[in-house]
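K.L.:
Sharing data-v1.txt, compact mmCIF, C-alpha atoms and all ligand atoms:
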# COMPACT_ATOMS: atom_id res chain seq x y z
CA MET H 226 -49.45 76.93 -11.18
CA SER H 227 -51.13 75.09 -14.08
CA LYS H 228 -52.84 71.73 -13.53
CA ILE H 229 -50.31 69.94 -15.70
CA GLU H 230 -47.39 71.46 -13.77
CA ASN H 231 -49.07 70.40 -10.53
CA LEU H 232 -49.41 66.88 -11.90
CA ILE H 233 -45.73 66.74 -12.88
CA ARG H 234 -44.62 67.97 -9.47
CA LEU H 235 -46.84 65.44 -7.71
CA ALA H 236 -45.57 62.65 -9.99
CA VAL H 237 -41.95 63.49 -9.14
CA LYS H 238 -42.79 63.57 -5.43
CA THR H 239 -44.75 60.33 -5.62
CA PHE H 240 -42.15 58.25 -7.39
CA SER H 241 -39.25 59.62 -5.37
CA HIS H 242 -41.02 57.93 -2.43
CA ARG H 243 -41.20 54.56 -4.12
CA ARG H 244 -39.21 52.32 -1.82
CA ASP H 245 -37.59 50.20 -4.52
CA ALA H 246 -36.88 53.13 -6.84
CA PHE H 247 -33.23 53.63 -7.68
CA THR H 248 -33.59 57.20 -6.49
CA LEU H 249 -33.92 55.94 -2.94
CA SER H 250 -30.71 53.96 -2.97
CA LYS H 251 -28.98 56.50 -0.77
CA VAL H 252 -31.54 56.81 1.96
CA THR H 253 -31.40 54.98 5.26
CA ASP H 254 -33.57 51.98 6.07
CA LYS H 255 -35.71 54.08 8.41
CA SER H 256 -36.51 56.77 5.87
CA ALA H 257 -37.03 54.11 3.20
CA SER H 258 -39.65 52.51 5.40
CA GLU H 259 -41.39 55.85 5.88
CA SER H 260 -41.18 56.43 2.17
CA SER H 261 -42.83 53.13 1.41
CA ASN H 262 -45.74 54.08 3.66
CA LEU H 263 -46.23 57.39 1.89
CA PHE H 264 -46.06 55.96 -1.61
CA PRO H 265 -49.53 54.32 -1.87
CA ASN H 266 -51.26 57.50 -0.67
CA LEU H 267 -49.26 59.69 -3.01
CA LEU H 268 -49.98 57.36 -5.93
CA SER H 269 -53.67 57.48 -5.12
CA GLU H 270 -53.53 61.30 -5.02
CA LEU H 271 -51.70 61.29 -8.35
CA VAL H 272 -54.43 59.12 -9.92
CA ASP H 273 -57.10 61.50 -8.55
CA ARG H 274 -55.23 64.50 -9.93
CA ALA H 275 -54.86 62.83 -13.33
CA SER H 276 -58.55 61.97 -13.26
CA ASN H 277 -59.40 65.68 -13.15
CA LEU H 278 -57.32 66.59 -16.21
CA THR H 279 -59.27 67.91 -19.17
CA GLY H 280 -58.39 68.75 -22.74
CA ASP H 281 -58.06 72.44 -21.84
CA ASP H 282 -55.26 71.59 -19.41
CA ILE H 283 -53.09 70.16 -22.18
CA GLY H 284 -53.96 72.39 -25.16
CA LEU H 285 -56.31 69.88 -26.79
CA ASN H 286 -57.46 72.22 -29.56
CA GLN H 287 -53.87 72.83 -30.66
CA LEU H 288 -53.01 69.13 -30.35
CA LEU H 289 -55.93 68.17 -32.60
CA GLN H 290 -54.62 70.49 -35.30
CA TYR H 291 -51.32 68.60 -35.59
CA PRO H 292 -52.62 65.65 -37.67
CA SER H 293 -53.72 67.89 -40.54
CA ARG H 294 -50.28 69.55 -40.52
CA VAL H 295 -48.20 66.38 -40.47
CA ARG H 296 -47.08 65.54 -43.99
CA VAL H 297 -45.41 62.16 -44.24
CA ARG H 298 -45.37 59.25 -46.68
CA GLN H 299 -46.53 56.71 -44.10
CA LYS H 300 -49.55 57.68 -42.02
CA PRO H 301 -48.46 57.52 -38.37
CA THR H 302 -50.06 55.35 -35.71
CA ALA H 303 -49.82 58.17 -33.22
CA LEU H 304 -48.30 61.56 -32.55
CA TYR H 305 -46.11 61.70 -29.45
CA CYS H 306 -45.81 64.87 -27.42
CA GLY H 307 -43.30 64.92 -24.57
CA ILE H 308 -44.31 67.21 -21.70
CA TYR H 309 -41.73 66.23 -19.10
CA GLU H 310 -39.04 63.76 -20.08
CA THR H 311 -35.76 65.12 -18.77
CA SER H 312 -35.69 63.07 -15.57
CA PRO H 313 -35.01 59.30 -15.38
CA LEU H 314 -37.61 59.18 -12.58
CA VAL H 315 -40.79 60.17 -14.43
CA THR H 316 -41.98 60.76 -17.97
CA VAL H 317 -45.17 62.73 -18.64
CA CYS H 318 -46.30 62.72 -22.26
CA ILE H 319 -49.31 62.77 -24.57
CA PHE H 320 -50.29 60.30 -27.29
CA ILE H 321 -52.63 61.36 -30.07
CA LEU H 322 -53.77 58.05 -31.46
CA TYR H 323 -55.11 58.07 -35.04
CA PRO H 324 -58.58 56.63 -35.75
CA GLN H 325 -58.64 52.81 -35.92
CA GLN H 326 -54.99 52.58 -34.87
CA SER H 327 -53.33 50.77 -31.96
CA ILE H 328 -50.23 51.06 -29.86
CA PRO H 329 -49.07 47.44 -30.08
CA LEU H 330 -48.80 45.17 -27.05
CA HIS H 331 -45.85 46.39 -25.00
CA SER H 332 -44.49 46.05 -21.48
CA HIS H 333 -43.50 48.59 -18.84
CA PRO H 334 -40.70 46.70 -17.04
CA GLY H 335 -40.74 47.53 -13.33
CA MET H 336 -42.82 50.61 -14.02
CA TYR H 337 -45.93 52.28 -12.76
CA GLY H 338 -48.17 54.00 -15.28
CA VAL H 339 -51.20 56.28 -15.16
CA LEU H 340 -53.06 56.82 -18.43
CA LYS H 341 -55.80 59.46 -18.53
CA LEU H 342 -57.89 59.78 -21.68
CA VAL H 343 -58.99 63.37 -22.31
CA HIS H 344 -60.54 63.02 -25.78
CA GLY H 345 -62.10 60.21 -27.80
CA ARG H 346 -62.44 56.58 -26.82
CA LEU H 347 -59.92 53.82 -26.15
CA LEU H 348 -60.01 50.11 -25.53
CA ILE H 349 -57.15 48.90 -23.33
CA LYS H 350 -56.25 45.22 -23.22
CA SER H 351 -54.05 44.64 -20.17
CA TYR H 352 -52.10 41.51 -19.29
CA THR H 353 -50.85 40.40 -15.88
CA SER H 354 -48.26 37.63 -15.76
CA LEU H 355 -49.39 34.57 -13.78
CA LYS H 356 -45.85 34.19 -12.38
CA PRO H 357 -43.06 36.71 -11.77
CA VAL H 358 -41.25 37.49 -15.02
CA ASN H 359 -38.28 39.76 -15.72
CA LEU H 360 -39.68 41.98 -18.45
CA ALA H 361 -36.45 44.00 -18.49
CA ALA H 362 -34.41 41.06 -19.79
CA ASP H 363 -33.06 41.35 -23.34
CA VAL H 364 -34.69 38.00 -24.11
CA VAL H 365 -37.93 37.32 -22.23
CA PRO H 366 -39.01 33.65 -22.31
CA ASN H 367 -42.65 32.98 -23.21
CA PHE H 368 -45.00 33.24 -20.25
CA GLU H 369 -48.70 33.03 -19.41
CA ALA H 370 -50.76 36.07 -18.47
CA ALA H 371 -54.33 36.90 -17.56
CA MET H 372 -56.03 39.43 -19.82
CA SER H 373 -58.57 42.09 -18.89
CA THR H 374 -60.08 44.89 -20.92
CA VAL H 375 -61.34 48.34 -20.10
CA GLU H 376 -63.06 50.86 -22.33
CA LEU H 377 -62.29 54.49 -21.61
CA ASP H 378 -63.85 57.78 -22.51
CA GLN H 379 -62.95 61.24 -21.25
CA ASN H 380 -65.15 60.85 -18.16
CA CYS H 381 -63.44 57.68 -16.97
CA PRO H 382 -60.78 57.57 -14.26
CA PRO H 383 -57.26 56.78 -15.48
CA ALA H 384 -56.09 53.26 -16.28
CA VAL H 385 -53.29 52.34 -13.86
CA LEU H 386 -50.54 49.78 -14.28
CA ALA H 387 -48.00 48.57 -11.73
CA PRO H 388 -44.90 46.36 -11.85
CA ASP H 389 -46.99 43.32 -10.90
CA LYS H 390 -50.37 44.21 -12.43
CA HIS H 391 -51.54 45.11 -15.94
CA ASN H 392 -47.89 45.64 -16.82
CA LEU H 393 -48.34 44.82 -20.48
CA HIS H 394 -51.02 46.48 -22.55
CA GLU H 395 -52.32 47.18 -26.00
CA VAL H 396 -53.98 50.56 -26.50
CA ILE H 397 -56.62 50.46 -29.23
CA ASN H 398 -58.57 53.28 -30.82
CA THR H 399 -61.62 51.57 -32.29
CA SER H 400 -63.34 54.85 -33.11
CA ASN H 401 -63.24 57.11 -36.15
CA ASP H 402 -62.04 60.05 -34.07
CA PHE H 403 -58.61 60.79 -32.62
CA ALA H 404 -57.96 59.62 -29.07
CA VAL H 405 -55.79 61.82 -26.87
CA CYS H 406 -54.35 60.56 -23.59
CA VAL H 407 -51.86 61.78 -21.00
CA ASP H 408 -49.38 59.16 -19.82
CA VAL H 409 -47.39 59.33 -16.59
CA ILE H 410 -44.81 56.55 -16.36
CA SER H 411 -42.10 55.88 -13.83
CA PRO H 412 -39.27 55.26 -14.19
CA ARG H 413 -38.42 56.40 -17.70
CA TYR H 414 -38.26 53.81 -20.50
CA GLU H 415 -34.68 52.62 -20.99
CA ASN H 416 -35.42 49.52 -23.04
CA ASP H 417 -36.53 49.04 -26.66
CA ASN H 418 -37.19 45.30 -26.31
CA CYS H 419 -40.68 45.80 -25.00
CA TYR H 420 -42.99 44.42 -27.71
CA PHE H 421 -44.98 41.21 -27.40
CA GLN H 422 -47.74 39.18 -28.98
CA ALA H 423 -50.50 37.33 -27.17
CA ARG H 424 -51.89 33.92 -28.21
CA LYS H 425 -55.13 32.84 -26.60
CA GLN H 426 -54.92 29.67 -24.50
CA SER H 427 -58.25 29.75 -22.66
CA THR H 428 -60.95 32.32 -21.99
CA ASP H 429 -58.77 34.91 -20.24
CA VAL H 430 -55.30 33.32 -20.28
CA PHE H 431 -52.85 34.09 -23.05
CA GLU H 432 -49.34 32.94 -23.93
CA ILE H 433 -47.16 36.01 -24.28
CA SER H 434 -44.09 35.97 -26.52
CA GLN H 435 -41.57 38.68 -27.28
CA ILE H 436 -41.43 40.12 -30.81
CA PRO H 437 -39.52 42.94 -32.53
CA CYS H 438 -41.25 46.30 -32.69
CA PRO H 439 -44.01 45.90 -35.34
CA SER H 440 -43.03 47.71 -38.54
CA THR H 441 -46.55 49.14 -38.76
CA PHE H 442 -46.08 51.08 -35.50
CA HIS H 443 -44.93 54.55 -36.38
CA THR H 444 -44.99 57.68 -34.23
CA ILE H 445 -44.06 61.28 -34.93
CA HIS H 446 -42.91 63.71 -32.25
CA VAL H 447 -44.74 67.02 -31.92
CA PRO H 448 -44.14 69.89 -29.47
CA PHE H 449 -46.23 70.45 -26.35
CA PRO H 450 -48.44 73.47 -27.15
CA LEU H 451 -48.54 74.70 -23.53
CA ALA H 452 -44.82 74.38 -22.81
CA ASN H 453 -44.72 77.99 -21.66
CA HIS H 454 -47.37 77.22 -19.01
CA ILE H 455 -44.98 75.10 -16.98
CA SER H 456 -41.81 75.87 -15.13
CA ILE H 457 -40.13 72.70 -14.00
CA GLU H 458 -36.42 73.37 -14.40
CA ASP H 459 -35.91 73.15 -10.64
CA LEU H 460 -37.20 69.55 -10.66
CA ASN H 461 -34.40 68.39 -12.92
CA ASN H 462 -31.58 69.00 -10.46
FE FE H 501 -47.98 51.72 -22.35
Can the structure from this file be put into structure tokens for me?

P.N.:
Amino acid sequence: MSKIENLIRLAVKTFSHRRDAFTLSKVTDKSASESSNLFPNLLSELVDRASNLTGDDIGLNQLLQYPSRVRVRQKPTALYCGIYETSPLVTVCIFILYPQQSIPLHSHPGMYGVLKLVHGRLLIKSYTSLKPVNLAADVVPNFEAAMSTVELDQNCPPAVLAPDKHNLHEVINTSNDFAVCVDVISPRYENDNCYFQARKQSTDVFEISQIPCPSTFHTIHVPFPLANHISIEDLNN
């Protein structure tokens, strides 16, 4: 089994054990409790597994050929490559971020996320709300959040976000090379109202306000070059 298929299978297993996941709504209280105990260990294993991913595991050479083949009027911010996106439980995908481009500040309402960079460099600005906030609401009132940054290269462990930590982030490619990362998010995005702006209030505290999707953010979908290396139909039932 390929490393990426292993990762997908572990991601499905991990998030099906998340106690508050909608997928667990039918289980009994006892099994839910057991599930909640398993979840942190599985998530940690998933992060370790993602940490070991390399460009070869996702067809990096083929992925890096896409930008020269894409012919469009407006240069994209990023190319998006869906690897596993047929289940509402988990999405596994790749972003190929163009040089000097950013994925604008966005939220992951109620989600976990694991982002592993396999090529290039990225700066990630993450925000954690100082008080509970419903990021899934159609209209999110302004709120305050603490900001932290991390710089990633291909040797770094994945950046991890959780429902209550680092749940909003801006992903910035400050280099003159492409940046390629694998994203595992759970559950699947169901909401387009996820874009925000941050206004500095003090050293690390920002006021966050909801905005429409920036018109400069533009992605193009490309196929996963190693699609024939994975066999995951049985996970979709
Ligand atoms: Fe994100």

K.L.:
With only C-alpha atoms counted and 8 Å as the cut-off, give the residues of range 373-433 of chain H in contact with range 345-354 of chain H, each with its shortest interatomic distance in Å and the pair that gives it, as a Markdown table.

P.N.:
| residue | atom | partner | partner_atom | distance |
| --- | --- | --- | --- | --- |
| H:Ser373 | CA | H:Ser351 | CA | 5.3 |
| H:Thr374 | CA | H:Lys350 | CA | 4.5 |
| H:Val375 | CA | H:Ile349 | CA | 5.3 |
| H:Glu376 | CA | H:Leu348 | CA | 4.5 |
| H:Leu377 | CA | H:Leu347 | CA | 5.2 |
| H:Asp378 | CA | H:Arg346 | CA | 4.7 |
| H:Gln379 | CA | H:Gly345 | CA | 6.7 |
| H:Asp389 | CA | H:Thr353 | CA | 6.9 |
| H:Lys390 | CA | H:Thr353 | CA | 5.2 |
| H:His391 | CA | H:Thr353 | CA | 4.8 |
| H:Asn392 | CA | H:Thr353 | CA | 6.1 |
| H:Leu393 | CA | H:Tyr352 | CA | 5.1 |
| H:His394 | CA | H:Ser351 | CA | 4.3 |
| H:Glu395 | CA | H:Lys350 | CA | 5.2 |
| H:Val396 | CA | H:Ile349 | CA | 4.8 |
| H:Ile397 | CA | H:Leu348 | CA | 5.0 |
| H:Asn398 | CA | H:Leu347 | CA | 4.9 |
| H:Thr399 | CA | H:Leu347 | CA | 6.8 |
| H:Ser400 | CA | H:Arg346 | CA | 6.6 |
| H:Asp402 | CA | H:Gly345 | CA | 6.3 |
| H:Phe403 | CA | H:Gly345 | CA | 6.0 |
| H:Ala404 | CA | H:Gly345 | CA | 4.4 |
| H:Val405 | CA | H:Gly345 | CA | 6.6 |

K.L.:
Take the residues from that selection and write them out as an mmCIF file, in the coordinates of the input, keeping C-alpha atoms.

P.N.:
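Full text of out.cif as output:
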data_model
loop_
_atom_site.group_PDB
_atom_site.id
_atom_site.type_symbol
_atom_site.label_atom_id
_atom_site.label_comp_id
_atom_site.auth_asym_id
_atom_site.auth_seq_id
_atom_site.Cartn_x
_atom_site.Cartn_y
_atom_site.Cartn_z
ATOM 1 C CA SER H 373 -58.570 42.090 -18.890
ATOM 2 C CA THR H 374 -60.080 44.890 -20.920
ATOM 3 C CA VAL H 375 -61.340 48.340 -20.100
ATOM 4 C CA GLU H 376 -63.060 50.860 -22.330
ATOM 5 C CA LEU H 377 -62.290 54.490 -21.610
ATOM 6 C CA ASP H 378 -63.850 57.780 -22.510
ATOM 7 C CA GLN H 379 -62.950 61.240 -21.250
ATOM 8 C CA ASP H 389 -46.990 43.320 -10.900
ATOM 9 C CA LYS H 390 -50.370 44.210 -12.430
ATOM 10 C CA HIS H 391 -51.540 45.110 -15.940
ATOM 11 C CA ASN H 392 -47.890 45.640 -16.820
ATOM 12 C CA LEU H 393 -48.340 44.820 -20.480
ATOM 13 C CA HIS H 394 -51.020 46.480 -22.550
ATOM 14 C CA GLU H 395 -52.320 47.180 -26.000
ATOM 15 C CA VAL H 396 -53.980 50.560 -26.500
ATOM 16 C CA ILE H 397 -56.620 50.460 -29.230
ATOM 17 C CA ASN H 398 -58.570 53.280 -30.820
ATOM 18 C CA THR H 399 -61.620 51.570 -32.290
ATOM 19 C CA SER H 400 -63.340 54.850 -33.110
ATOM 20 C CA ASP H 402 -62.040 60.050 -34.070
ATOM 21 C CA PHE H 403 -58.610 60.790 -32.620
ATOM 22 C CA ALA H 404 -57.960 59.620 -29.070
ATOM 23 C CA VAL H 405 -55.790 61.820 -26.870
#

K.L.:
Restricting the calculation to all atoms listed in the file: of H:Asp408, H:Asp429, H:Glu458, H:Asp417, which residue gets closest to ligand FE 501 (chain H)?

P.N.:
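Result for the nearest residue to ligand FE 501 (chain H): H:Asp408.
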
K.L.:
Ranking H:Pro324, H:His331, H:Tyr305, H:Leu288 by minimum distance to ligand FE 501 (chain H) and counting all atoms listed in the file, which one comes first?

P.N.:
H:His331

K.L.:
Pick out the closest residue to Val295 in chain H from this set: H:Leu460, H:Thr444, H:Val317, H:Ile436. Count all atoms listed in the file.

P.N.:
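Of H:Leu460, H:Thr444, H:Val317, H:Ile436, the one nearest Val295 in chain H is H:Thr444, counting all atoms listed in the file.
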
K.L.:
So, counting all atoms listed in the file, which residue among H:Thr279, H:Ser411, H:Thr302, H:Thr441 is closest to Arg243 in chain H?

P.N.:
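Closest candidate: H:Ser411.
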